[in-house]
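Structure file entry-v9.csv (CSV, N, CA and C atoms and all ligand atoms) follows.
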```
chain,number,residue,atom,x,y,z
A,168,MET,N,-2.5,9.4,-4.4
A,168,MET,CA,-2.2,8.6,-5.5
A,168,MET,C,-2.6,7.1,-5.2
A,169,THR,N,-3.7,6.9,-4.6
A,169,THR,CA,-4.1,5.6,-4.3
A,169,THR,C,-5.3,5.1,-5.0
A,170,GLY,N,-5.9,6.0,-5.8
A,170,GLY,CA,-7.1,5.7,-6.5
A,170,GLY,C,-6.9,4.7,-7.7
A,171,LYS,N,-7.9,4.3,-8.3
A,171,LYS,CA,-7.8,3.3,-9.4
A,171,LYS,C,-7.2,4.1,-10.6
A,172,SER,N,-6.5,3.3,-11.4
A,172,SER,CA,-5.8,3.9,-12.5
A,172,SER,C,-6.1,3.0,-13.7
A,173,VAL,N,-6.1,3.6,-14.9
A,173,VAL,CA,-6.4,2.9,-16.1
A,173,VAL,C,-5.0,2.7,-16.9
A,174,CYS,N,-4.7,1.5,-17.3
A,174,CYS,CA,-3.5,1.3,-18.1
A,174,CYS,C,-3.6,2.1,-19.4
A,175,VAL,N,-2.6,3.0,-19.7
A,175,VAL,CA,-2.7,3.9,-20.8
A,175,VAL,C,-2.5,3.1,-22.1
A,176,ARG,N,-2.0,1.9,-22.0
A,176,ARG,CA,-1.7,1.1,-23.2
A,176,ARG,C,-2.9,0.2,-23.6
A,177,CYS,N,-3.5,-0.5,-22.6
A,177,CYS,CA,-4.6,-1.4,-23.0
A,177,CYS,C,-5.9,-1.2,-22.4
A,178,GLY,N,-6.0,-0.2,-21.4
A,178,GLY,CA,-7.3,0.2,-20.9
A,178,GLY,C,-7.8,-0.7,-19.7
A,179,THR,N,-6.9,-1.6,-19.2
A,179,THR,CA,-7.3,-2.4,-18.0
A,179,THR,C,-7.1,-1.5,-16.8
A,180,PHE,N,-8.1,-1.7,-15.8
A,180,PHE,CA,-8.0,-1.0,-14.5
A,180,PHE,C,-6.9,-1.7,-13.7
A,181,LYS,N,-6.2,-0.9,-13.0
A,181,LYS,CA,-5.2,-1.4,-12.0
A,181,LYS,C,-5.3,-0.6,-10.7
A,182,LYS,N,-4.7,-1.1,-9.6
A,182,LYS,CA,-4.8,-0.5,-8.3
A,182,LYS,C,-4.0,0.8,-8.1
A,183,ARG,N,-2.8,0.8,-8.6
A,183,ARG,CA,-2.0,2.0,-8.4
A,183,ARG,C,-1.5,2.5,-9.7
A,184,VAL,N,-1.2,3.8,-9.7
A,184,VAL,CA,-0.7,4.5,-10.9
A,184,VAL,C,0.6,3.9,-11.5
A,185,THR,N,1.5,3.6,-10.6
A,185,THR,CA,2.8,3.1,-11.0
A,185,THR,C,2.9,1.6,-11.1
A,186,ALA,N,1.8,0.9,-10.8
A,186,ALA,CA,1.8,-0.6,-10.8
A,186,ALA,C,1.9,-1.1,-12.3
A,187,THR,N,2.5,-2.3,-12.4
A,187,THR,CA,2.6,-2.9,-13.7
A,187,THR,C,1.2,-3.5,-14.1
A,188,CYS,N,0.8,-3.2,-15.3
A,188,CYS,CA,-0.5,-3.7,-15.8
A,188,CYS,C,-0.5,-5.2,-15.8
A,189,ALA,N,-1.6,-5.8,-15.2
A,189,ALA,CA,-1.6,-7.3,-15.2
A,189,ALA,C,-1.9,-7.9,-16.6
A,190,ALA,N,-2.6,-7.1,-17.4
A,190,ALA,CA,-3.0,-7.6,-18.7
A,190,ALA,C,-1.8,-7.5,-19.8
A,191,CYS,N,-1.2,-6.3,-19.9
A,191,CYS,CA,-0.2,-6.1,-20.9
A,191,CYS,C,1.3,-5.9,-20.4
A,192,HIS,N,1.4,-6.0,-19.1
A,192,HIS,CA,2.7,-5.8,-18.4
A,192,HIS,C,3.4,-4.5,-18.6
A,193,TYR,N,2.6,-3.5,-19.0
A,193,TYR,CA,3.2,-2.1,-19.2
A,193,TYR,C,3.4,-1.5,-17.8
A,194,THR,N,4.6,-0.9,-17.5
A,194,THR,CA,4.8,-0.2,-16.3
A,194,THR,C,5.2,1.2,-16.6
A,195,PRO,N,4.5,2.2,-16.2
A,195,PRO,CA,4.9,3.6,-16.4
A,195,PRO,C,6.2,3.9,-15.6
A,196,GLU,N,7.2,4.3,-16.3
A,196,GLU,CA,8.5,4.6,-15.6
A,196,GLU,C,9.0,6.0,-15.7
A,197,SER,N,9.0,6.6,-16.9
A,197,SER,CA,9.5,7.9,-17.0
A,197,SER,C,8.5,8.9,-16.4
A,198,GLU,N,9.0,10.1,-16.2
A,198,GLU,CA,8.1,11.2,-15.6
A,198,GLU,C,6.8,11.3,-16.5
A,199,TYR,N,7.0,11.3,-17.8
A,199,TYR,CA,5.9,11.5,-18.7
A,199,TYR,C,4.9,10.3,-18.7
A,200,GLU,N,5.5,9.1,-18.7
A,200,GLU,CA,4.6,8.0,-18.6
A,200,GLU,C,3.8,7.9,-17.4
A,201,ILE,N,4.4,8.3,-16.2
A,201,ILE,CA,3.7,8.4,-15.0
A,201,ILE,C,2.7,9.5,-15.0
A,202,ALA,N,3.0,10.7,-15.6
A,202,ALA,CA,2.1,11.8,-15.8
A,202,ALA,C,0.8,11.3,-16.5
A,203,ARG,N,1.1,10.6,-17.6
A,203,ARG,CA,-0.1,10.1,-18.4
A,203,ARG,C,-0.9,9.1,-17.6
A,204,SER,N,-0.3,8.3,-16.8
A,204,SER,CA,-1.0,7.3,-16.0
A,204,SER,C,-1.8,8.1,-14.9
A,205,LEU,N,-1.2,9.2,-14.4
A,205,LEU,CA,-1.9,10.0,-13.4
A,205,LEU,C,-3.1,10.6,-13.9
A,206,ILE,N,-3.0,11.1,-15.2
A,206,ILE,CA,-4.2,11.7,-15.9
A,206,ILE,C,-5.3,10.7,-16.0
A,207,LEU,N,-5.0,9.4,-16.3
A,207,LEU,CA,-6.0,8.4,-16.4
A,207,LEU,C,-6.2,7.6,-15.1
A,208,SER,N,-6.3,8.4,-14.0
A,208,SER,CA,-6.5,7.8,-12.7
A,208,SER,C,-7.7,8.5,-12.1
A,209,GLU,N,-8.3,7.9,-11.0
A,209,GLU,CA,-9.4,8.4,-10.3
A,209,GLU,C,-8.9,9.7,-9.7
A,210,ASN,N,-9.8,10.8,-9.7
A,210,ASN,CA,-9.5,12.1,-9.1
A,210,ASN,C,-8.7,12.1,-7.8
A,211,CYS,N,-7.6,12.8,-7.8
A,211,CYS,CA,-6.9,13.0,-6.5
A,211,CYS,C,-6.1,14.3,-6.6
A,212,THR,N,-5.6,14.8,-5.5
A,212,THR,CA,-4.8,16.0,-5.5
A,212,THR,C,-3.4,15.6,-5.3
A,213,LEU,N,-2.5,16.3,-6.0
A,213,LEU,CA,-1.1,16.1,-5.9
A,213,LEU,C,-0.5,17.5,-5.6
A,214,GLY,N,-0.2,17.7,-4.3
A,214,GLY,CA,0.2,19.0,-3.9
A,214,GLY,C,-1.1,19.9,-3.9
A,215,GLU,N,-1.0,20.9,-4.8
A,215,GLU,CA,-2.2,21.8,-4.9
A,215,GLU,C,-2.9,21.6,-6.3
A,216,THR,N,-2.4,20.6,-7.0
A,216,THR,CA,-3.0,20.4,-8.4
A,216,THR,C,-4.0,19.2,-8.3
A,217,VAL,N,-5.2,19.4,-8.8
A,217,VAL,CA,-6.2,18.3,-8.9
A,217,VAL,C,-5.9,17.6,-10.2
A,218,ILE,N,-5.8,16.3,-10.1
A,218,ILE,CA,-5.5,15.6,-11.4
A,218,ILE,C,-6.5,14.4,-11.5
A,219,GLY,N,-6.4,13.8,-12.6
A,219,GLY,CA,-7.2,12.6,-12.8
A,219,GLY,C,-8.6,12.9,-13.4
A,220,ARG,N,-9.4,11.9,-13.5
A,220,ARG,CA,-10.7,11.9,-14.1
A,220,ARG,C,-11.7,11.3,-13.1
A,221,ASP,N,-13.0,11.7,-13.2
A,221,ASP,CA,-13.9,11.0,-12.3
A,221,ASP,C,-14.2,9.6,-12.8
A,222,ILE,N,-14.7,8.8,-11.9
A,222,ILE,CA,-14.7,7.3,-12.2
A,222,ILE,C,-15.5,7.0,-13.5
A,223,ASP,N,-16.6,7.7,-13.7
A,223,ASP,CA,-17.5,7.4,-14.9
A,223,ASP,C,-16.7,7.8,-16.2
A,224,GLU,N,-16.0,8.9,-16.2
A,224,GLU,CA,-15.2,9.3,-17.3
A,224,GLU,C,-14.1,8.3,-17.6
A,225,LEU,N,-13.5,7.8,-16.5
A,225,LEU,CA,-12.4,6.9,-16.5
A,225,LEU,C,-12.9,5.6,-17.2
A,226,LYS,N,-14.1,5.1,-16.8
A,226,LYS,CA,-14.7,3.9,-17.4
A,226,LYS,C,-14.9,4.0,-18.9
A,227,ALA,N,-15.4,5.2,-19.3
A,227,ALA,CA,-15.6,5.5,-20.7
A,227,ALA,C,-14.3,5.5,-21.5
A,228,ILE,N,-13.2,6.1,-20.9
A,228,ILE,CA,-11.9,6.2,-21.5
A,228,ILE,C,-11.3,4.7,-21.7
A,229,ALA,N,-11.5,4.0,-20.6
A,229,ALA,CA,-11.0,2.6,-20.6
A,229,ALA,C,-11.6,1.8,-21.7
A,230,LYS,N,-12.9,2.0,-21.8
A,230,LYS,CA,-13.7,1.2,-22.9
A,230,LYS,C,-13.2,1.6,-24.3
A,231,ASP,N,-12.9,2.9,-24.4
A,231,ASP,CA,-12.3,3.4,-25.7
A,231,ASP,C,-11.0,2.7,-26.0
A,232,ILE,N,-10.1,2.7,-25.0
A,232,ILE,CA,-8.8,2.1,-25.2
A,232,ILE,C,-8.9,0.7,-25.6
A,233,VAL,N,-9.7,0.0,-24.8
A,233,VAL,CA,-10.0,-1.5,-25.0
A,233,VAL,C,-10.5,-1.7,-26.5
A,234,GLY,N,-11.3,-0.7,-26.9
A,234,GLY,CA,-11.9,-0.8,-28.3
A,234,GLY,C,-10.9,-0.3,-29.4
A,235,GLY,N,-9.7,0.0,-29.0
A,235,GLY,CA,-8.7,0.3,-30.0
A,235,GLY,C,-8.6,1.8,-30.3
A,236,ARG,N,-9.3,2.6,-29.4
A,236,ARG,CA,-9.2,4.1,-29.6
A,236,ARG,C,-8.3,4.7,-28.5
A,237,PRO,N,-7.0,4.9,-28.7
A,237,PRO,CA,-6.2,5.5,-27.7
A,237,PRO,C,-6.6,6.8,-27.2
A,238,TYR,N,-6.3,7.1,-25.9
A,238,TYR,CA,-6.7,8.4,-25.4
A,238,TYR,C,-5.8,9.5,-25.9
A,239,TYR,N,-6.4,10.6,-26.2
A,239,TYR,CA,-5.6,11.7,-26.7
A,239,TYR,C,-5.3,12.6,-25.5
A,240,PHE,N,-4.0,12.7,-25.2
A,240,PHE,CA,-3.5,13.4,-24.0
A,240,PHE,C,-3.3,14.9,-24.4
A,241,ASP,N,-3.7,15.8,-23.5
A,241,ASP,CA,-3.5,17.2,-23.7
A,241,ASP,C,-2.1,17.5,-23.3
A,242,ALA,N,-1.3,18.1,-24.2
A,242,ALA,CA,0.2,18.3,-23.9
A,242,ALA,C,0.3,19.2,-22.7
A,243,GLU,N,-0.5,20.2,-22.6
A,243,GLU,CA,-0.4,21.2,-21.5
A,243,GLU,C,-0.7,20.5,-20.1
A,244,GLU,N,-1.8,19.7,-20.2
A,244,GLU,CA,-2.1,19.0,-18.9
A,244,GLU,C,-1.0,18.0,-18.5
A,245,GLN,N,-0.5,17.3,-19.5
A,245,GLN,CA,0.6,16.4,-19.3
A,245,GLN,C,1.8,17.1,-18.6
A,246,GLN,N,2.1,18.3,-19.1
A,246,GLN,CA,3.2,19.1,-18.6
A,246,GLN,C,2.9,19.5,-17.1
A,247,GLN,N,1.7,19.9,-16.9
A,247,GLN,CA,1.2,20.3,-15.6
A,247,GLN,C,1.3,19.2,-14.6
A,248,VAL,N,0.8,18.0,-15.0
A,248,VAL,CA,0.8,16.8,-14.1
A,248,VAL,C,2.3,16.4,-13.8
A,249,ALA,N,3.1,16.4,-14.8
A,249,ALA,CA,4.5,16.0,-14.7
A,249,ALA,C,5.2,16.9,-13.6
A,250,GLU,N,4.9,18.2,-13.7
A,250,GLU,CA,5.5,19.2,-12.8
A,250,GLU,C,5.0,18.9,-11.4
A,251,ALA,N,3.7,18.7,-11.2
A,251,ALA,CA,3.1,18.5,-9.9
A,251,ALA,C,3.7,17.2,-9.3
A,252,TYR,N,3.9,16.2,-10.2
A,252,TYR,CA,4.5,14.9,-9.7
A,252,TYR,C,5.9,15.1,-9.2
A,253,ARG,N,6.7,16.0,-10.0
A,253,ARG,CA,8.1,16.3,-9.6
A,253,ARG,C,8.1,17.0,-8.2
A,254,THR,N,7.2,18.0,-8.1
A,254,THR,CA,7.1,18.7,-6.8
A,254,THR,C,6.7,17.8,-5.7
A,255,HIS,N,5.8,16.9,-6.0
A,255,HIS,CA,5.3,15.9,-5.0
A,255,HIS,C,6.5,15.1,-4.5
A,256,LEU,N,7.3,14.6,-5.4
A,256,LEU,CA,8.5,13.8,-5.1
A,256,LEU,C,9.5,14.5,-4.2
A,257,ALA,N,9.7,15.8,-4.6
A,257,ALA,CA,10.7,16.6,-3.9
A,257,ALA,C,10.2,16.9,-2.5
A,258,THR,N,8.9,17.2,-2.3
A,258,THR,CA,8.4,17.4,-1.0
A,258,THR,C,8.5,16.2,-0.1
A,259,ASN,N,8.2,15.1,-0.7
A,259,ASN,CA,8.3,13.8,0.1
A,259,ASN,C,9.7,13.6,0.5
A,260,SER,N,10.7,13.8,-0.3
A,260,SER,CA,12.1,13.5,0.1
A,260,SER,C,12.6,14.5,1.1
A,261,ASN,N,12.0,15.7,1.1
A,261,ASN,CA,12.4,16.7,2.1
A,261,ASN,C,11.9,16.3,3.5
A,262,GLN,N,10.6,15.8,3.5
A,262,GLN,CA,10.1,15.3,4.7
A,262,GLN,C,10.9,14.1,5.3
A,263,ARG,N,11.4,13.3,4.4
A,263,ARG,CA,12.2,12.2,4.9
A,263,ARG,C,13.5,12.6,5.5
A,264,SER,N,14.1,13.6,4.9
A,264,SER,CA,15.4,14.1,5.5
A,264,SER,C,15.2,14.8,6.9
A,265,PHE,N,14.0,15.5,7.0
A,265,PHE,CA,13.7,16.1,8.3
A,265,PHE,C,13.5,15.0,9.4
A,266,ALA,N,12.8,14.0,9.0
A,266,ALA,CA,12.6,12.9,10.0
A,266,ALA,C,13.9,12.3,10.4
A,267,PHE,N,14.9,12.2,9.5
A,267,PHE,CA,16.2,11.7,9.7
A,267,PHE,C,16.9,12.6,10.7
A,268,LEU,N,16.8,13.9,10.5
A,268,LEU,CA,17.5,14.9,11.4
A,268,LEU,C,16.9,14.8,12.8
A,269,LYS,N,15.6,14.7,12.9
A,269,LYS,CA,15.0,14.6,14.2
A,269,LYS,C,15.5,13.5,15.0
A,270,TRP,N,15.9,12.4,14.3
A,270,TRP,CA,16.4,11.2,15.0
A,270,TRP,C,17.9,11.4,15.2
A,271,LEU,N,18.6,12.0,14.3
A,271,LEU,CA,20.0,12.1,14.4
A,271,LEU,C,20.5,13.1,15.5
A,272,VAL,N,19.8,14.2,15.6
A,272,VAL,CA,20.3,15.3,16.6
A,272,VAL,C,20.3,14.7,18.0
A,273,PRO,N,19.2,14.1,18.6
A,273,PRO,CA,19.3,13.6,19.9
A,273,PRO,C,20.4,12.5,20.1
A,274,LEU,N,20.6,11.8,19.0
A,274,LEU,CA,21.6,10.7,19.1
A,274,LEU,C,23.0,11.3,19.2
A,275,LEU,N,23.3,12.4,18.5
A,275,LEU,CA,24.6,13.1,18.6
A,275,LEU,C,24.8,13.7,19.9
A,276,LEU,N,23.7,14.3,20.5
A,276,LEU,CA,23.7,14.9,21.8
A,276,LEU,C,24.1,13.9,22.9
A,277,MET,N,23.4,12.7,22.7
A,277,MET,CA,23.7,11.6,23.6
A,277,MET,C,25.1,11.2,23.6
A,278,LEU,N,25.6,11.0,22.3
A,278,LEU,CA,27.0,10.6,22.1
A,278,LEU,C,27.9,11.6,22.7
A,279,GLY,N,27.6,12.9,22.6
A,279,GLY,CA,28.4,13.9,23.2
A,279,GLY,C,28.5,13.8,24.7
A,280,LEU,N,27.3,13.5,25.3
A,280,LEU,CA,27.2,13.4,26.7
A,280,LEU,C,28.0,12.2,27.2
A,281,VAL,N,27.9,11.1,26.5
A,281,VAL,CA,28.6,9.9,26.9
A,281,VAL,C,30.1,10.1,26.8
A,282,ALA,N,30.5,10.8,25.7
A,282,ALA,CA,31.9,11.1,25.5
A,282,ALA,C,32.5,12.0,26.7
A,283,ALA,N,31.6,13.0,27.1
A,283,ALA,CA,32.0,13.9,28.1
A,283,ALA,C,32.2,13.2,29.5
A,284,LEU,N,31.3,12.2,29.7
A,284,LEU,CA,31.3,11.4,30.9
A,284,LEU,C,32.5,10.5,31.0
A,285,LEU,N,32.8,9.9,29.8
A,285,LEU,CA,33.9,8.9,29.8
A,285,LEU,C,35.3,9.5,29.7
A,286,TRP,N,35.4,10.6,29.0
A,286,TRP,CA,36.7,11.3,29.0
A,286,TRP,C,36.6,12.7,29.5
A,287,PRO,N,36.5,12.9,30.9
A,287,PRO,CA,36.4,14.2,31.4
A,287,PRO,C,37.7,15.0,31.1
A,288,ALA,N,37.5,16.3,30.9
A,288,ALA,CA,38.6,17.1,30.6
A,288,ALA,C,39.6,17.3,31.8
B,301,ZN,ZN,-2.2,-2.7,-19.9
```

With the file now loaded, output its structure as structure tokens.
Amino acid sequence: MTGKSVCVRCGTFKKRVTATCAACHYTPESEYEIARSLILSENCTLGETVIGRDIDELKAIAKDIVGGRPYYFDAEEQQQVAEAYRTHLATNSNQRSFAFLKWLVPLLLMLGLVAALLWPA
């Protein structure tokens, strides 16, 4: 999710999908708004789903939006991307809690050891 992204409202290119547009200050916030922004982004994979457009297509779409012709989103694709995005978020937070456990378990063992040493039965 690091490729270039086109603002769905005004067609200006921005660095990140979830970034606020410098030109019109639009920020995609809801799942569907983010899904639409992901669709108008440089090709990338989200989990196992390939999303986005290649850069030439993206430039053409951006030109259309700037010229006052909004992009027509495919409802099915939007649904698909929203689901991939949701899965992506869930996967990421799972990894975070595993990292936390890896750090917590040795700490608890150490505390147990210290307690055993300080208060022998
Ligand atoms: Zn914009």

Task: Nearest-residue call for ligand ZN 301 (chain B), choices A:Val272, A:Val217, A:Ile232, A:Leu284, using only C-alpha atoms and all ligand atoms - done: A:Ile232

- [ ] Could you tell me, counting only C-alpha atoms and all ligand atoms, which protein and nucleic acid residues lie no more than 10 Å from ligand ZN 301 (chain B), written as a list in words?
- [x]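 The residues near ligand ZN 301 (chain B) are Val173, Cys174, Val175, Arg176, Cys177, Gly178, Thr179, Phe180, Lys181, Thr187, Cys188, Ala189, Ala190, Cys191, His192, Tyr193, Thr194, Ile232 and Val233 of chain A.
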
Task: Who sits within 7 Å of Arg220 (chain A), all atoms listed in the file, same chain under 4 positions skipped, as a PyMOL selection string - done: chain A and resi 205-211+224-225

Open item on the list: Report, in Å with one decimal, the straight-line distance from CA of Val248 (chain A) to CA of Phe267 (chain A).
Closed with: 28.8 Å

Which of chain A counts as helix (DSSP H, G or I) under DSSP, as a tab-separated table (two decimals) with N, CA and C atoms, in the coordinates of the input please?
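Output file states-v1.tsv is given in full below:
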```tsv
chain	number	residue	atom	x	y	z
A	198	GLU	N	9.00	10.10	-16.20
A	198	GLU	CA	8.10	11.20	-15.60
A	198	GLU	C	6.80	11.30	-16.50
A	199	TYR	N	7.00	11.30	-17.80
A	199	TYR	CA	5.90	11.50	-18.70
A	199	TYR	C	4.90	10.30	-18.70
A	200	GLU	N	5.50	9.10	-18.70
A	200	GLU	CA	4.60	8.00	-18.60
A	200	GLU	C	3.80	7.90	-17.40
A	201	ILE	N	4.40	8.30	-16.20
A	201	ILE	CA	3.70	8.40	-15.00
A	201	ILE	C	2.70	9.50	-15.00
A	202	ALA	N	3.00	10.70	-15.60
A	202	ALA	CA	2.10	11.80	-15.80
A	202	ALA	C	0.80	11.30	-16.50
A	203	ARG	N	1.10	10.60	-17.60
A	203	ARG	CA	-0.10	10.10	-18.40
A	203	ARG	C	-0.90	9.10	-17.60
A	204	SER	N	-0.30	8.30	-16.80
A	204	SER	CA	-1.00	7.30	-16.00
A	204	SER	C	-1.80	8.10	-14.90
A	205	LEU	N	-1.20	9.20	-14.40
A	205	LEU	CA	-1.90	10.00	-13.40
A	205	LEU	C	-3.10	10.60	-13.90
A	206	ILE	N	-3.00	11.10	-15.20
A	206	ILE	CA	-4.20	11.70	-15.90
A	206	ILE	C	-5.30	10.70	-16.00
A	222	ILE	N	-14.70	8.80	-11.90
A	222	ILE	CA	-14.70	7.30	-12.20
A	222	ILE	C	-15.50	7.00	-13.50
A	223	ASP	N	-16.60	7.70	-13.70
A	223	ASP	CA	-17.50	7.40	-14.90
A	223	ASP	C	-16.70	7.80	-16.20
A	224	GLU	N	-16.00	8.90	-16.20
A	224	GLU	CA	-15.20	9.30	-17.30
A	224	GLU	C	-14.10	8.30	-17.60
A	225	LEU	N	-13.50	7.80	-16.50
A	225	LEU	CA	-12.40	6.90	-16.50
A	225	LEU	C	-12.90	5.60	-17.20
A	226	LYS	N	-14.10	5.10	-16.80
A	226	LYS	CA	-14.70	3.90	-17.40
A	226	LYS	C	-14.90	4.00	-18.90
A	227	ALA	N	-15.40	5.20	-19.30
A	227	ALA	CA	-15.60	5.50	-20.70
A	227	ALA	C	-14.30	5.50	-21.50
A	228	ILE	N	-13.20	6.10	-20.90
A	228	ILE	CA	-11.90	6.20	-21.50
A	228	ILE	C	-11.30	4.70	-21.70
A	229	ALA	N	-11.50	4.00	-20.60
A	229	ALA	CA	-11.00	2.60	-20.60
A	229	ALA	C	-11.60	1.80	-21.70
A	230	LYS	N	-12.90	2.00	-21.80
A	230	LYS	CA	-13.70	1.20	-22.90
A	230	LYS	C	-13.20	1.60	-24.30
A	231	ASP	N	-12.90	2.90	-24.40
A	231	ASP	CA	-12.30	3.40	-25.70
A	231	ASP	C	-11.00	2.70	-26.00
A	232	ILE	N	-10.10	2.70	-25.00
A	232	ILE	CA	-8.80	2.10	-25.20
A	232	ILE	C	-8.90	0.70	-25.60
A	233	VAL	N	-9.70	0.00	-24.80
A	233	VAL	CA	-10.00	-1.50	-25.00
A	233	VAL	C	-10.50	-1.70	-26.50
A	242	ALA	N	-1.30	18.10	-24.20
A	242	ALA	CA	0.20	18.30	-23.90
A	242	ALA	C	0.30	19.20	-22.70
A	243	GLU	N	-0.50	20.20	-22.60
A	243	GLU	CA	-0.40	21.20	-21.50
A	243	GLU	C	-0.70	20.50	-20.10
A	244	GLU	N	-1.80	19.70	-20.20
A	244	GLU	CA	-2.10	19.00	-18.90
A	244	GLU	C	-1.00	18.00	-18.50
A	245	GLN	N	-0.50	17.30	-19.50
A	245	GLN	CA	0.60	16.40	-19.30
A	245	GLN	C	1.80	17.10	-18.60
A	246	GLN	N	2.10	18.30	-19.10
A	246	GLN	CA	3.20	19.10	-18.60
A	246	GLN	C	2.90	19.50	-17.10
A	247	GLN	N	1.70	19.90	-16.90
A	247	GLN	CA	1.20	20.30	-15.60
A	247	GLN	C	1.30	19.20	-14.60
A	248	VAL	N	0.80	18.00	-15.00
A	248	VAL	CA	0.80	16.80	-14.10
A	248	VAL	C	2.30	16.40	-13.80
A	249	ALA	N	3.10	16.40	-14.80
A	249	ALA	CA	4.50	16.00	-14.70
A	249	ALA	C	5.20	16.90	-13.60
A	250	GLU	N	4.90	18.20	-13.70
A	250	GLU	CA	5.50	19.20	-12.80
A	250	GLU	C	5.00	18.90	-11.40
A	251	ALA	N	3.70	18.70	-11.20
A	251	ALA	CA	3.10	18.50	-9.90
A	251	ALA	C	3.70	17.20	-9.30
A	252	TYR	N	3.90	16.20	-10.20
A	252	TYR	CA	4.50	14.90	-9.70
A	252	TYR	C	5.90	15.10	-9.20
A	253	ARG	N	6.70	16.00	-10.00
A	253	ARG	CA	8.10	16.30	-9.60
A	253	ARG	C	8.10	17.00	-8.20
A	254	THR	N	7.20	18.00	-8.10
A	254	THR	CA	7.10	18.70	-6.80
A	254	THR	C	6.70	17.80	-5.70
A	255	HIS	N	5.80	16.90	-6.00
A	255	HIS	CA	5.30	15.90	-5.00
A	255	HIS	C	6.50	15.10	-4.50
A	256	LEU	N	7.30	14.60	-5.40
A	256	LEU	CA	8.50	13.80	-5.10
A	256	LEU	C	9.50	14.50	-4.20
A	257	ALA	N	9.70	15.80	-4.60
A	257	ALA	CA	10.70	16.60	-3.90
A	257	ALA	C	10.20	16.90	-2.50
A	258	THR	N	8.90	17.20	-2.30
A	258	THR	CA	8.40	17.40	-1.00
A	258	THR	C	8.50	16.20	-0.10
A	259	ASN	N	8.20	15.10	-0.70
A	259	ASN	CA	8.30	13.80	0.10
A	259	ASN	C	9.70	13.60	0.50
A	260	SER	N	10.70	13.80	-0.30
A	260	SER	CA	12.10	13.50	0.10
A	260	SER	C	12.60	14.50	1.10
A	261	ASN	N	12.00	15.70	1.10
A	261	ASN	CA	12.40	16.70	2.10
A	261	ASN	C	11.90	16.30	3.50
A	262	GLN	N	10.60	15.80	3.50
A	262	GLN	CA	10.10	15.30	4.70
A	262	GLN	C	10.90	14.10	5.30
A	263	ARG	N	11.40	13.30	4.40
A	263	ARG	CA	12.20	12.20	4.90
A	263	ARG	C	13.50	12.60	5.50
A	264	SER	N	14.10	13.60	4.90
A	264	SER	CA	15.40	14.10	5.50
A	264	SER	C	15.20	14.80	6.90
A	265	PHE	N	14.00	15.50	7.00
A	265	PHE	CA	13.70	16.10	8.30
A	265	PHE	C	13.50	15.00	9.40
A	266	ALA	N	12.80	14.00	9.00
A	266	ALA	CA	12.60	12.90	10.00
A	266	ALA	C	13.90	12.30	10.40
A	267	PHE	N	14.90	12.20	9.50
A	267	PHE	CA	16.20	11.70	9.70
A	267	PHE	C	16.90	12.60	10.70
A	268	LEU	N	16.80	13.90	10.50
A	268	LEU	CA	17.50	14.90	11.40
A	268	LEU	C	16.90	14.80	12.80
A	269	LYS	N	15.60	14.70	12.90
A	269	LYS	CA	15.00	14.60	14.20
A	269	LYS	C	15.50	13.50	15.00
A	270	TRP	N	15.90	12.40	14.30
A	270	TRP	CA	16.40	11.20	15.00
A	270	TRP	C	17.90	11.40	15.20
A	271	LEU	N	18.60	12.00	14.30
A	271	LEU	CA	20.00	12.10	14.40
A	271	LEU	C	20.50	13.10	15.50
A	272	VAL	N	19.80	14.20	15.60
A	272	VAL	CA	20.30	15.30	16.60
A	272	VAL	C	20.30	14.70	18.00
A	273	PRO	N	19.20	14.10	18.60
A	273	PRO	CA	19.30	13.60	19.90
A	273	PRO	C	20.40	12.50	20.10
A	274	LEU	N	20.60	11.80	19.00
A	274	LEU	CA	21.60	10.70	19.10
A	274	LEU	C	23.00	11.30	19.20
A	275	LEU	N	23.30	12.40	18.50
A	275	LEU	CA	24.60	13.10	18.60
A	275	LEU	C	24.80	13.70	19.90
A	276	LEU	N	23.70	14.30	20.50
A	276	LEU	CA	23.70	14.90	21.80
A	276	LEU	C	24.10	13.90	22.90
A	277	MET	N	23.40	12.70	22.70
A	277	MET	CA	23.70	11.60	23.60
A	277	MET	C	25.10	11.20	23.60
A	278	LEU	N	25.60	11.00	22.30
A	278	LEU	CA	27.00	10.60	22.10
A	278	LEU	C	27.90	11.60	22.70
A	279	GLY	N	27.60	12.90	22.60
A	279	GLY	CA	28.40	13.90	23.20
A	279	GLY	C	28.50	13.80	24.70
A	280	LEU	N	27.30	13.50	25.30
A	280	LEU	CA	27.20	13.40	26.70
A	280	LEU	C	28.00	12.20	27.20
A	281	VAL	N	27.90	11.10	26.50
A	281	VAL	CA	28.60	9.90	26.90
A	281	VAL	C	30.10	10.10	26.80
A	282	ALA	N	30.50	10.80	25.70
A	282	ALA	CA	31.90	11.10	25.50
A	282	ALA	C	32.50	12.00	26.70
A	283	ALA	N	31.60	13.00	27.10
A	283	ALA	CA	32.00	13.90	28.10
A	283	ALA	C	32.20	13.20	29.50
A	284	LEU	N	31.30	12.20	29.70
A	284	LEU	CA	31.30	11.40	30.90
A	284	LEU	C	32.50	10.50	31.00
A	285	LEU	N	32.80	9.90	29.80
A	285	LEU	CA	33.90	8.90	29.80
A	285	LEU	C	35.30	9.50	29.70
```

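For the pair CA of Leu256 (chain A) and CA of Glu215 (chain A), the interatomic distance is 13.4 Å.
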
- [ ] Identify the residues within 12 Å of coordinate (-1.6, 18.9, -18.6) (same frame as the file), considering only C-alpha atoms, and give the answer as a list of chain:residue names.
- [x]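 Returned residue set, sorted by chain then number, is A:Tyr199, A:Ala202, A:Arg203, A:Ser204, A:Leu205, A:Ile206, A:Leu207, A:Thr216, A:Val217, A:Ile218, A:Gly219, A:Tyr239, A:Phe240, A:Asp241, A:Ala242, A:Glu243, A:Glu244, A:Gln245, A:Gln246, A:Gln247, A:Val248, A:Ala249, A:Glu250, A:Ala251, A:Tyr252.
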
Open item on the list: If I take CA of Arg183 (chain A) and CA of Gly170 (chain A), how far is one from the other in Å, to one decimal?
Closed with: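 Pair CA of Arg183 (chain A) / CA of Gly170 (chain A) returns 6.6 Å.
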
Task: All strand (DSSP E or B) residues (DSSP, backbone) inside region 169-285 of chain A, as a PyMOL selection string - done: chain A and resi 172-173+180-181+208-209+211-213+216-218+220
